[in-house]
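J.: Provided herewith: query-v8.txt, compact mmCIF, C-alpha atoms and all ligand atoms.
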# COMPACT_ATOMS: atom_id res chain seq x y z
CA MET A 1 40.75 81.31 58.21
CA LYS A 2 38.47 78.85 59.92
CA THR A 3 39.70 75.32 60.72
CA ILE A 4 37.37 73.35 62.90
CA GLU A 5 38.49 69.74 62.59
CA LYS A 6 39.05 68.24 66.00
CA GLN A 7 40.57 64.98 64.95
CA TYR A 8 42.94 63.71 62.30
CA LEU A 9 43.24 59.95 61.82
CA LYS A 10 45.54 57.98 59.53
CA PRO A 11 44.43 54.36 59.00
CA ILE A 12 46.70 51.85 57.24
CA SER A 13 43.94 49.73 55.71
CA VAL A 14 40.54 50.26 54.11
CA ARG A 15 38.97 48.22 56.90
CA GLU A 16 40.49 50.52 59.54
CA ALA A 17 39.32 53.58 57.57
CA LEU A 18 35.76 52.23 57.56
CA THR A 19 35.92 51.58 61.33
CA TYR A 20 37.00 55.18 61.93
CA ALA A 21 34.24 56.37 59.61
CA GLU A 22 31.62 54.48 61.60
CA LEU A 23 32.92 55.90 64.89
CA HIS A 24 32.91 59.49 63.62
CA GLN A 25 29.79 59.59 61.46
CA PRO A 26 28.27 61.85 60.28
CA ARG A 27 30.84 64.67 60.66
CA PHE A 28 33.93 63.04 59.14
CA ARG A 29 35.52 63.26 55.69
CA PHE A 30 38.08 61.13 53.95
CA ILE A 31 41.05 63.14 52.78
CA ALA A 32 43.50 62.16 50.01
CA GLY A 33 45.67 65.00 48.61
CA GLY A 34 43.50 67.58 50.39
CA THR A 35 43.86 70.03 47.48
CA ASP A 36 40.09 70.36 47.09
CA LEU A 37 38.82 69.48 50.56
CA LEU A 38 41.08 71.83 52.51
CA VAL A 39 40.36 74.80 50.25
CA ASN A 40 36.63 74.20 50.77
CA LYS A 41 37.27 73.92 54.50
CA PHE A 42 39.18 77.18 54.67
CA GLN A 43 36.40 78.88 52.69
CA GLY A 44 33.82 77.64 55.21
CA ASN A 45 32.10 75.30 52.75
CA GLU A 46 33.11 72.13 54.55
CA ASP A 47 32.47 71.55 58.25
CA SER A 48 33.71 68.08 59.15
CA LEU A 49 35.06 67.55 62.65
CA CYS A 50 37.24 64.56 61.79
CA LEU A 51 39.55 63.97 58.83
CA ILE A 52 40.41 60.38 57.91
CA ASP A 53 43.58 60.47 55.84
CA LEU A 54 43.72 57.66 53.25
CA ASN A 55 47.41 58.20 52.45
CA GLY A 56 48.47 55.46 54.88
CA VAL A 57 46.58 52.85 52.82
CA ASP A 58 49.37 51.71 50.50
CA GLU A 59 47.23 49.24 48.52
CA LEU A 60 45.34 52.23 47.04
CA LYS A 61 48.52 53.55 45.39
CA SER A 62 49.15 50.69 42.98
CA PHE A 63 48.68 49.90 39.28
CA THR A 64 47.67 46.29 38.55
CA ILE A 65 46.17 44.37 35.65
CA ASN A 66 43.32 42.03 36.44
CA HIS A 67 40.66 40.44 34.21
CA ASP A 68 41.30 42.69 31.19
CA TYR A 69 41.20 45.86 33.29
CA LEU A 70 43.96 48.19 34.39
CA HIS A 71 43.28 48.87 38.08
CA ILE A 72 44.52 52.32 39.08
CA GLY A 73 44.61 52.92 42.84
CA ALA A 74 42.45 55.90 43.82
CA LEU A 75 45.39 57.34 45.77
CA VAL A 76 47.65 57.51 42.69
CA LYS A 77 48.77 61.13 42.23
CA LEU A 78 47.71 62.94 39.06
CA ASP A 79 51.37 63.55 38.25
CA ASP A 80 52.21 59.83 38.51
CA LEU A 81 49.73 58.72 35.83
CA ARG A 82 52.20 59.76 33.13
CA LYS A 83 54.84 57.38 34.53
CA ASN A 84 52.74 54.27 33.79
CA GLN A 85 53.73 52.68 30.47
CA LEU A 86 50.31 51.16 29.74
CA ILE A 87 48.56 54.50 30.31
CA GLN A 88 51.14 56.22 28.09
CA ASN A 89 50.54 53.75 25.28
CA GLN A 90 46.83 53.10 25.53
CA PHE A 91 45.24 56.04 27.36
CA PRO A 92 47.34 59.16 26.60
CA ALA A 93 44.25 61.38 26.91
CA LEU A 94 44.05 60.46 30.61
CA ILE A 95 47.56 61.84 31.10
CA GLU A 96 46.61 64.93 29.09
CA SER A 97 43.53 65.52 31.25
CA ALA A 98 45.47 65.03 34.50
CA HIS A 99 48.08 67.44 33.21
CA ALA A 100 45.34 69.99 32.45
CA ALA A 101 44.29 70.04 36.12
CA ALA A 102 45.56 72.68 38.55
CA SER A 103 49.34 73.34 38.65
CA PRO A 104 52.52 71.20 38.74
CA MET A 105 52.79 71.40 42.53
CA ILE A 106 49.12 70.55 43.10
CA ARG A 107 49.33 67.60 40.69
CA LYS A 108 52.10 66.09 42.83
CA THR A 109 49.68 66.02 45.80
CA ALA A 110 46.26 65.62 44.18
CA THR A 111 44.99 62.08 43.59
CA LEU A 112 42.89 60.53 40.83
CA GLY A 113 40.15 59.45 43.30
CA GLY A 114 40.00 62.97 44.76
CA ASN A 115 39.82 64.46 41.28
CA ILE A 116 36.78 62.36 40.38
CA LEU A 117 35.12 63.46 43.61
CA CYS A 118 36.21 67.09 43.69
CA GLU A 119 33.30 69.31 44.70
CA ASN A 120 31.09 71.02 42.11
CA ARG A 121 31.93 74.68 41.60
CA CYS A 122 30.15 77.96 40.86
CA THR A 123 31.24 81.60 40.76
CA PHE A 124 28.79 82.35 43.57
CA TYR A 125 29.72 79.40 45.80
CA ASN A 126 33.53 79.31 45.67
CA GLN A 127 33.96 82.56 47.54
CA SER A 128 35.00 83.54 51.05
CA GLU A 129 32.54 83.24 53.92
CA TRP A 130 32.43 87.06 54.07
CA TRP A 131 31.57 87.33 50.36
CA ARG A 132 28.85 84.68 50.52
CA ASP A 133 27.38 86.24 53.66
CA SER A 134 27.19 89.62 51.92
CA VAL A 135 25.01 88.19 49.12
CA GLY A 136 22.83 86.10 51.43
CA TYR A 137 24.39 82.73 50.58
CA CYS A 138 23.13 80.41 47.81
CA LEU A 139 21.27 77.10 47.60
CA LYS A 140 24.50 75.09 47.88
CA CYS A 141 25.39 76.74 51.21
CA ASP A 142 22.06 76.94 53.02
CA GLY A 143 20.71 80.04 51.22
CA ASP A 144 17.22 80.24 49.70
CA VAL A 145 18.02 81.29 46.14
CA CYS A 146 20.38 80.25 43.36
CA ILE A 147 22.27 83.50 42.74
CA ALA A 148 23.14 82.48 39.18
CA THR A 149 19.51 81.99 38.08
CA GLY A 150 17.35 83.61 40.77
CA GLY A 151 15.51 80.28 41.07
CA THR A 152 14.74 78.51 44.33
CA LYS A 153 14.57 74.89 43.23
CA ALA A 154 17.81 73.86 41.52
CA CYS A 155 21.51 74.41 42.04
CA PHE A 156 23.58 74.55 38.82
CA SER A 157 27.07 74.29 40.30
CA ASN A 158 29.33 72.75 37.67
CA PHE A 159 30.93 69.34 37.63
CA VAL A 160 34.60 70.30 37.07
CA SER A 161 36.79 67.21 37.28
CA ASP A 162 39.15 67.14 34.31
CA THR A 163 39.98 63.44 34.42
CA ALA A 164 36.45 62.08 34.93
CA PRO A 165 35.15 62.98 31.44
CA VAL A 166 38.06 61.05 29.88
CA LEU A 167 37.58 58.10 32.23
CA ILE A 168 33.83 58.01 31.52
CA SER A 169 34.35 58.21 27.78
CA LEU A 170 36.69 55.20 28.12
CA ASP A 171 33.96 53.20 29.95
CA ALA A 172 35.83 53.27 33.27
CA LEU A 173 34.44 51.43 36.28
CA ILE A 174 35.14 52.21 39.91
CA GLU A 175 35.48 49.86 42.86
CA VAL A 176 33.62 51.28 45.86
CA ILE A 177 33.94 49.93 49.40
CA ASP A 178 31.59 50.94 52.20
CA SER A 179 30.14 49.36 55.34
CA LYS A 180 27.76 47.32 53.16
CA GLY A 181 30.52 45.70 51.09
CA VAL A 182 32.42 46.05 47.82
CA LYS A 183 30.87 46.87 44.44
CA THR A 184 32.19 47.66 41.00
CA ILE A 185 30.05 50.15 39.08
CA PRO A 186 30.33 52.40 36.02
CA LEU A 187 31.94 55.71 37.01
CA GLU A 188 29.13 57.67 35.34
CA SER A 189 26.51 56.07 37.62
CA ILE A 190 27.63 58.03 40.71
CA PHE A 191 26.67 61.49 39.39
CA THR A 192 23.17 62.71 40.31
CA GLY A 193 22.80 65.97 38.38
CA ASP A 194 21.86 67.77 41.61
CA GLY A 195 24.34 70.60 42.20
CA ILE A 196 23.86 70.49 45.97
CA HIS A 197 24.44 66.73 46.30
CA PRO A 198 26.30 65.89 43.07
CA ARG A 199 27.05 62.23 43.92
CA ASN A 200 25.02 59.33 45.24
CA LEU A 201 27.79 57.54 47.16
CA ALA A 202 27.23 56.63 50.82
CA PRO A 203 29.08 58.98 53.22
CA ASP A 204 31.45 56.16 54.22
CA ALA A 205 32.12 55.05 50.62
CA ILE A 206 35.78 54.79 49.66
CA ILE A 207 36.74 54.64 46.00
CA SER A 208 39.52 52.08 46.04
CA PHE A 209 40.29 51.57 42.33
CA ILE A 210 39.48 53.04 38.94
CA LEU A 211 39.27 50.29 36.31
CA LEU A 212 40.03 50.87 32.64
CA PRO A 213 39.20 48.20 30.03
CA ILE A 214 42.38 47.30 28.17
CA LYS A 215 41.03 44.88 25.57
CA ASP A 216 38.73 47.28 23.72
CA LYS A 217 41.12 49.42 21.62
CA SER A 218 40.16 53.10 21.51
CA LYS A 219 41.36 56.62 20.82
CA THR A 220 40.32 59.72 22.71
CA ILE A 221 40.42 63.46 22.06
CA PHE A 222 40.42 65.70 25.17
CA LYS A 223 39.80 69.47 25.16
CA LYS A 224 39.53 72.05 27.96
CA LEU A 225 38.40 75.68 27.90
CA ARG A 226 40.04 77.93 30.50
CA PRO A 227 41.58 81.40 30.63
CA ARG A 228 45.13 80.22 31.46
CA GLU A 229 47.05 77.01 30.78
CA ALA A 230 47.54 76.34 34.51
CA VAL A 231 45.64 76.67 37.80
CA ASP A 232 42.27 77.57 36.26
CA PHE A 233 39.33 75.24 36.68
CA THR A 234 37.48 74.29 33.54
CA SER A 235 34.75 76.33 31.87
CA LEU A 236 34.16 73.39 29.50
CA THR A 237 35.83 70.00 29.16
CA THR A 238 35.10 67.52 26.38
CA SER A 239 36.32 63.98 25.84
CA VAL A 240 35.41 62.03 22.73
CA THR A 241 36.34 58.35 22.46
CA LEU A 242 36.12 56.20 19.36
CA PHE A 243 36.24 52.45 20.02
CA GLU A 244 37.43 49.77 17.59
CA SER A 245 33.81 48.67 17.22
CA ASN A 246 33.04 52.15 15.72
CA ARG A 247 31.16 53.19 18.85
CA LEU A 248 31.53 56.84 19.86
CA LYS A 249 31.21 58.19 23.39
CA LEU A 250 31.09 61.95 23.93
CA VAL A 251 31.42 63.28 27.49
CA ILE A 252 31.15 66.93 28.50
CA GLY A 253 32.14 68.53 31.81
CA GLY A 254 32.07 72.06 33.24
CA VAL A 255 28.63 73.02 31.89
CA ASP A 256 26.16 71.11 34.07
CA PRO A 257 26.06 69.67 37.61
CA ARG A 258 26.97 66.29 36.15
CA PRO A 259 28.96 64.93 33.21
CA ILE A 260 26.84 64.94 30.08
CA ILE A 261 27.07 61.80 27.94
CA VAL A 262 26.01 61.18 24.35
CA GLU A 263 26.66 57.88 22.61
CA GLY A 264 26.53 56.97 18.92
CA THR A 265 28.55 55.43 16.14
CA VAL A 266 30.79 56.76 13.38
CA THR A 267 27.94 56.37 10.90
CA ASP A 268 25.73 58.82 12.84
CA ASP A 269 25.41 62.40 11.63
CA PRO A 270 27.97 64.38 13.74
CA ALA A 271 25.75 67.47 13.69
CA GLU A 272 22.92 65.43 15.25
CA LEU A 273 25.19 64.07 18.02
CA ILE A 274 26.41 67.59 18.79
CA LYS A 275 22.86 68.93 18.83
CA GLN A 276 21.86 66.26 21.34
CA ALA A 277 24.88 67.09 23.51
CA VAL A 278 24.24 70.84 23.55
CA LYS A 279 20.56 70.28 24.36
CA LYS A 280 21.43 68.18 27.41
CA CYS A 281 23.74 70.79 29.01
CA ARG A 282 22.03 73.07 31.56
CA ILE A 283 24.46 75.98 31.24
CA VAL A 284 23.93 79.09 33.35
CA GLU A 285 25.97 82.27 33.98
CA ASN A 286 28.19 80.86 36.73
CA ALA A 287 31.70 80.40 35.35
CA TYR A 288 34.53 82.50 33.93
CA TYR A 289 33.12 82.55 30.37
CA SER A 290 29.57 83.57 29.46
CA ARG A 291 26.78 81.05 29.00
CA SER A 292 26.46 81.76 25.28
CA TYR A 293 30.21 81.46 24.66
CA ARG A 294 30.46 78.15 26.53
CA LYS A 295 27.43 76.84 24.63
CA GLU A 296 28.99 77.77 21.30
CA MET A 297 32.32 76.23 22.35
CA ILE A 298 30.67 72.86 23.06
CA ARG A 299 29.78 72.75 19.38
CA VAL A 300 33.28 73.85 18.32
CA PHE A 301 35.10 71.39 20.61
CA LEU A 302 32.90 68.44 19.62
CA GLU A 303 32.98 69.23 15.92
CA ASN A 304 36.78 69.46 15.95
CA SER A 305 37.16 66.36 18.13
CA LEU A 306 34.95 64.29 15.83
CA LYS A 307 37.03 65.38 12.81
CA GLU A 308 40.38 64.83 14.55
CA ILE A 309 39.48 61.40 15.87
CA GLN A 310 38.78 60.03 12.39
CA HIS A 311 42.25 61.10 11.24
CA GLN A 312 44.27 60.19 14.32
C1 LIG B 1 44.38 76.26 42.64
C2 LIG B 1 43.65 74.99 42.31
C3 LIG B 1 43.39 74.68 41.00
C4 LIG B 1 42.71 73.51 40.67
N1 LIG B 1 42.48 73.24 39.37
C5 LIG B 1 41.83 72.11 39.03
C6 LIG B 1 41.57 71.82 37.67
O1 LIG B 1 41.95 72.57 36.77
N2 LIG B 1 40.89 70.67 37.37
C7 LIG B 1 40.47 69.80 38.34
O2 LIG B 1 39.90 68.77 37.99
N3 LIG B 1 40.70 70.06 39.65
C8 LIG B 1 41.37 71.18 40.02
N4 LIG B 1 41.59 71.45 41.34
C9 LIG B 1 40.92 70.64 42.39
C10 LIG B 1 41.77 69.54 43.00
O3 LIG B 1 43.10 69.93 43.15
C11 LIG B 1 41.76 68.29 42.19
O4 LIG B 1 40.44 67.96 41.80
C12 LIG B 1 42.39 67.12 42.92
O5 LIG B 1 42.59 66.06 42.01
C13 LIG B 1 41.60 66.60 44.11
O6 LIG B 1 42.30 65.48 44.61
P1 LIG B 1 42.75 65.36 46.13
O7 LIG B 1 43.43 64.06 46.28
O8 LIG B 1 43.51 66.56 46.57
O9 LIG B 1 41.32 65.34 46.81
P2 LIG B 1 40.89 65.78 48.29
O10 LIG B 1 40.86 67.26 48.38
O11 LIG B 1 41.67 65.05 49.32
O12 LIG B 1 39.40 65.18 48.30
C14 LIG B 1 38.40 65.67 47.42
C15 LIG B 1 37.09 64.95 47.79
O13 LIG B 1 37.17 63.58 47.49
C16 LIG B 1 36.98 62.76 48.66
N5 LIG B 1 37.92 61.65 48.48
C17 LIG B 1 39.20 61.74 48.05
N6 LIG B 1 39.69 60.52 47.80
C18 LIG B 1 38.70 59.64 48.08
C19 LIG B 1 38.58 58.22 48.00
N7 LIG B 1 39.57 57.45 47.55
N8 LIG B 1 37.40 57.66 48.36
C20 LIG B 1 36.37 58.42 48.79
N9 LIG B 1 36.43 59.76 48.90
C21 LIG B 1 37.57 60.35 48.54
C22 LIG B 1 37.24 63.70 49.83
O14 LIG B 1 36.49 63.32 50.97
C23 LIG B 1 36.74 65.02 49.25
O15 LIG B 1 35.34 65.08 49.36
C24 LIG B 1 42.29 72.62 41.70
C25 LIG B 1 42.56 72.92 43.03
C26 LIG B 1 43.24 74.10 43.34
C27 LIG B 1 43.52 74.41 44.79
In structure tokens, write the structure found in this file.

T.:
Amino acid sequence: MKTIEKQYLKPISVREALTYAELHQPRFRFIAGGTDLLVNKFQGNEDSLCLIDLNGVDELKSFTINHDYLHIGALVKLDDLRKNQLIQNQFPALIESAHAAASPMIRKTATLGGNILCENRCTFYNQSEWWRDSVGYCLKCDGDVCIATGGTKACFSNFVSDTAPVLISLDALIEVIDSKGVKTIPLESIFTGDGIHPRNLAPDAIISFILLPIKDKSKTIFKKLRPREAVDFTSLTTSVTLFESNRLKLVIGGVDPRPIIVEGTVTDDPAELIKQAVKKCRIVENAYYSRSYRKEMIRVFLENSLKEIQHQ
């Protein structure tokens, strides 16, 4: 195992975290639960020299209601989402998606902010250094070729967060703080679609809160395709939300470098919405299940979700 970090810092405020980030740029990383970052580090896919631990920043562990939004601190553990009464009543699919991630022990350490930002994955990237060396590395780790496609231009590592599709389908916003200031933006706007650099956040950006609108009543159906009920990352995640206004938002994860989003209304032809969704997904042979099976399952998951949501 290779651990190369030279420094570990534990600020007690966002401001202090940003100061440390400025002092240690560019080779620092923020760490929350560490359940994604440290695995990547041990596999040689992450080479920061300084870890800035956000766990000392207590303000990022709270639930508050402000201006018709539930503000969930980015440092809230996946396992703790189910303890919040408002989430239980209004956003049960968020609890379901958090519960679908990893294993009970990991969910007690892993945070919601870290889950949104967990690194894209691919069968040919998430391997040991020795394994990747033996195949000549891939585009995501300084190689010349995407091993999944044989192409040299694009990396198709999959966006695999289980909670983000649900949050996006619920129109979640995130509060982001970096050296330039504070901004609140739609969660979906941070994903680039580039498997090598999947997000467009500044290196010193801290997600402080995830904001869920509480006025707009909605229901959501979440589904995840994976070999086992625990530990396995997704091969396909879907989240379909129906709002009181009859608006539909379909979000798909696990089949493209970014979450795929299709919007419509209940009066739209479901087959047309599904067709649009499938067309947008750039699926390649790089996960547990085959490309053709995952493609077919998008149709099955969305078709079932659209039926279930009308009768919920
Ligand atoms: C065996 C195993 C199975 C897993 N299965 C799943 C699964 O099924 N589904 C799934 O979604 N995930 C899974 N994971 C991945 C991971 O556990 C989760 O995504 C977890 O929620 C990551 O949260 P964390 O707090 O541990 O993040 P960390 O590992 O601490 O950080 C992840 C990334 O986010 C950044 N970061 C974290 N918090 C912030 C913040 N507030 N602001 C800015 N940057 C931040 C870090 O710098 C890092 O780049 C699995 C992991 C393991 C080891």

J.: Which neighbours of stretch 131-133 of chain A fall inside 10 Å, counting all atoms listed in the file, when residues of the same chain fewer than 6 positions from it are skipped, and could you give them as number ranges by chain?

T.: A: 43-44, 124-125, 141, 143

J.: Could you list, as number ranges by chain, every residue within 6 Å of stretch 250-267 of chain A, counting all atoms listed in the file and ignoring same-chain residues fewer than 6 positions away?

T.: A: 156-160, 165, 169, 191, 193, 195, 234-240, 281-283

J.: Go ahead and save the residues from that selection, with C-alpha atoms, as a PDB file, in the frame of the given file.

T.:
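So the final result, stored in out-v1.pdb, reads:
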ATOM      1  CA  PHE A 156      23.580  74.550  38.820  1.00  0.00           C
ATOM      2  CA  SER A 157      27.070  74.290  40.300  1.00  0.00           C
ATOM      3  CA  ASN A 158      29.330  72.750  37.670  1.00  0.00           C
ATOM      4  CA  PHE A 159      30.930  69.340  37.630  1.00  0.00           C
ATOM      5  CA  VAL A 160      34.600  70.300  37.070  1.00  0.00           C
ATOM      6  CA  PRO A 165      35.150  62.980  31.440  1.00  0.00           C
ATOM      7  CA  SER A 169      34.350  58.210  27.780  1.00  0.00           C
ATOM      8  CA  PHE A 191      26.670  61.490  39.390  1.00  0.00           C
ATOM      9  CA  GLY A 193      22.800  65.970  38.380  1.00  0.00           C
ATOM     10  CA  GLY A 195      24.340  70.600  42.200  1.00  0.00           C
ATOM     11  CA  THR A 234      37.480  74.290  33.540  1.00  0.00           C
ATOM     12  CA  SER A 235      34.750  76.330  31.870  1.00  0.00           C
ATOM     13  CA  LEU A 236      34.160  73.390  29.500  1.00  0.00           C
ATOM     14  CA  THR A 237      35.830  70.000  29.160  1.00  0.00           C
ATOM     15  CA  THR A 238      35.100  67.520  26.380  1.00  0.00           C
ATOM     16  CA  SER A 239      36.320  63.980  25.840  1.00  0.00           C
ATOM     17  CA  VAL A 240      35.410  62.030  22.730  1.00  0.00           C
ATOM     18  CA  CYS A 281      23.740  70.790  29.010  1.00  0.00           C
ATOM     19  CA  ARG A 282      22.030  73.070  31.560  1.00  0.00           C
ATOM     20  CA  ILE A 283      24.460  75.980  31.240  1.00  0.00           C
TER      21      ILE A 283
END

J.: Padding 6 Å on every side, please: axis-aligned box over the listed atoms of ligand LIG 1 (chain B), centre and edge lengths to one decimal in Å, as JSON.

T.:
{"center_x": 39.9, "center_y": 66.9, "center_z": 43.9, "size_x": 21.0, "size_y": 30.8, "size_z": 26.2}

J.: Measuring atom to atom with only C-alpha atoms, identify which of A:Leu225, A:Ile177, A:Ala205, A:Cys118 is nearest to A:Ala164.

T.: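 The shortest atom-to-atom distance to A:Ala164 comes from A:Cys118.
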
J.: Dump the neighbourhood of ligand LIG 1 (chain B) as JSON, numbers by chain: all residues within 6 Å, distances computed on all atoms listed in the file.

T.: {"A": [29, 30, 31, 32, 33, 34, 35, 36, 37, 74, 101, 102, 110, 111, 112, 113, 114, 115, 117, 118, 160, 161, 162, 205, 206, 207, 208, 231, 232, 233, 234]}

J.: Could you write out the selected residues, including C-alpha atoms, as a compact mmCIF listing (two decimals), keeping the file's coordinate frame?

T.:
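The file below, result-v4.txt, is the result:
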# COMPACT_ATOMS: atom_id res chain seq x y z
CA ARG A 29 35.52 63.26 55.69
CA PHE A 30 38.08 61.13 53.95
CA ILE A 31 41.05 63.14 52.78
CA ALA A 32 43.50 62.16 50.01
CA GLY A 33 45.67 65.00 48.61
CA GLY A 34 43.50 67.58 50.39
CA THR A 35 43.86 70.03 47.48
CA ASP A 36 40.09 70.36 47.09
CA LEU A 37 38.82 69.48 50.56
CA ALA A 74 42.45 55.90 43.82
CA ALA A 101 44.29 70.04 36.12
CA ALA A 102 45.56 72.68 38.55
CA ALA A 110 46.26 65.62 44.18
CA THR A 111 44.99 62.08 43.59
CA LEU A 112 42.89 60.53 40.83
CA GLY A 113 40.15 59.45 43.30
CA GLY A 114 40.00 62.97 44.76
CA ASN A 115 39.82 64.46 41.28
CA LEU A 117 35.12 63.46 43.61
CA CYS A 118 36.21 67.09 43.69
CA VAL A 160 34.60 70.30 37.07
CA SER A 161 36.79 67.21 37.28
CA ASP A 162 39.15 67.14 34.31
CA ALA A 205 32.12 55.05 50.62
CA ILE A 206 35.78 54.79 49.66
CA ILE A 207 36.74 54.64 46.00
CA SER A 208 39.52 52.08 46.04
CA VAL A 231 45.64 76.67 37.80
CA ASP A 232 42.27 77.57 36.26
CA PHE A 233 39.33 75.24 36.68
CA THR A 234 37.48 74.29 33.54

J.: Find, counting all atoms listed in the file, the residue in A:Thr123, A:Val284, A:Glu96, A:Asn45 that gets nearest to A:Ala154.

T.: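 For A:Ala154, the nearest of the given residues is A:Val284.
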
J.: Could you give me, as a compact mmCIF listing (two decimals) with C-alpha atoms, keeping the file's coordinate frame, the residues within 9 Å of A:Asp80, counting all atoms listed in the file and dropping anything in the same chain fewer than 3 positions from it?

T.:
# COMPACT_ATOMS: atom_id res chain seq x y z
CA VAL A 76 47.65 57.51 42.69
CA LYS A 77 48.77 61.13 42.23
CA LYS A 83 54.84 57.38 34.53
CA ASN A 84 52.74 54.27 33.79
CA ILE A 95 47.56 61.84 31.10
CA ARG A 107 49.33 67.60 40.69
CA LYS A 108 52.10 66.09 42.83

J.: Using all atoms listed in the file, can you tell me which of A:Leu173, A:Ser218, A:Arg226, A:Ala148 comes closest to A:Tyr293?

T.: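 Distance minimum relative to A:Tyr293 lands on A:Arg226.
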
J.: Taking into account only C-alpha atoms, which residue in the set A:Asn55, A:Ser179, A:Thr163, A:Asn120 is nearest to A:Ile196?

T.: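 Going through A:Asn55, A:Ser179, A:Thr163, A:Asn120 one by one, the smallest distance to A:Ile196 is for A:Asn120.
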
J.: Mind giving me the straight-line distance from atom CA of A:Ile274 to atom CA of A:Lys215 in Å, one decimal?

T.: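 Distance between the two atoms: 27.8 Å.
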
J.: Mind pulling up the distance from atom CA of A:Lys6 to atom CA of A:Trp130?

T.: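 So the answer is 23.2 Å.
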
J.: If I put a ball of radius 10 Å at (41.0, 51.9, 39.2) in the file's coordinates, which residues poke into it when counting all atoms listed in the file, written as number ranges by chain?

T.: A: 60-65, 69-76, 112-113, 167, 172-176, 184, 207-212
